[in-house]
Amino acid sequence: MSHAEQENVMKDAARYWALVESNWKQLAGQAKAQWGKFTDEELTAIAGRREQFMGKLQEHYALSTLEVERQMAQWARKASEPWFKKPPEKDTPS
């Protein structure tokens, strides 16, 4: 992977993580489904903080920083898809 590609992966991870962090309580279960080695206590303590999540991900899976960034970016991109789909609003009588 080229240096430019590495930089793009890191930018993607940071960009999408803002959405994850602001909705962490809703997404912690999705994180556990993706990376089963996390405990509920760890996910609660992480509270969406990106650097802490990265550290635990590296600790649990022995991944390089770049691989952690790549996985987090890929996972966080999903957060804007069906995870946040809201039920249709009810029509109000006019």
# chains A, B, ... in the order shown; residues from 1 in each chain; ligands from 1
>>> residues_around(residues="Phe53 in chain A", least_positions_apart="6", cutoff="10 Å", atoms="only C-alpha atoms", output="JSON, numbers by chain")
{"A": [31, 38, 42, 43, 45, 46, 47, 59, 68, 72]}
>>> write_last_selection(atoms="C-alpha atoms", output="CSV table (one decimal), in the first residue's frame")
chain,number,residue,atom,x,y,z
A,31,ALA,CA,-18.6,-3.3,17.7
A,38,PHE,CA,-14.3,-7.0,23.5
A,42,GLU,CA,-14.4,-2.6,27.9
A,43,LEU,CA,-16.9,-1.1,25.4
A,45,ALA,CA,-15.2,2.2,29.4
A,46,ILE,CA,-14.1,3.1,25.8
A,47,ALA,CA,-17.2,5.2,25.5
A,59,GLU,CA,-4.2,-5.6,22.1
A,68,VAL,CA,-6.6,-1.2,12.8
A,72,MET,CA,-12.2,0.8,11.9
>>> residues_around(residues="Thr65 in chain A", least_positions_apart="3", cutoff="12 Å", atoms="only C-alpha atoms", output="list in words")
Gln6, Val9, Met10, Ala13, Glu51, Phe53, Met54, Gly55, Lys56, Leu57, Gln58, Glu59, Tyr61, Ala62, Val68, Glu69, Arg70, Gln71 and Met72 of chain A
>>> atom_distance(atom1="CA of Leu66 in chain A", atom2="CA of Trp17 in chain A")
15.2 Å
>>> closest_atom_pairs(of="range 29-78 of chain A", to="range 18-25 of chain A", cutoff="9 Å", atoms="only C-alpha atoms", output="Markdown table")
| residue | atom | partner | partner_atom | distance |
| --- | --- | --- | --- | --- |
| A:Gly29 | CA | A:Lys25 | CA | 8.0 |
| A:Leu43 | CA | A:Trp24 | CA | 8.9 |
| A:Thr44 | CA | A:Lys25 | CA | 8.1 |
| A:Ala47 | CA | A:Trp24 | CA | 6.3 |
| A:Gly48 | CA | A:Glu21 | CA | 4.4 |
| A:Arg49 | CA | A:Glu21 | CA | 6.4 |
| A:Arg50 | CA | A:Glu21 | CA | 7.4 |
| A:Ala76 | CA | A:Val20 | CA | 6.4 |
>>> atom_distance(atom1="CA of Glu67 in chain A", atom2="CA of Arg15 in chain A")
16.4 Å
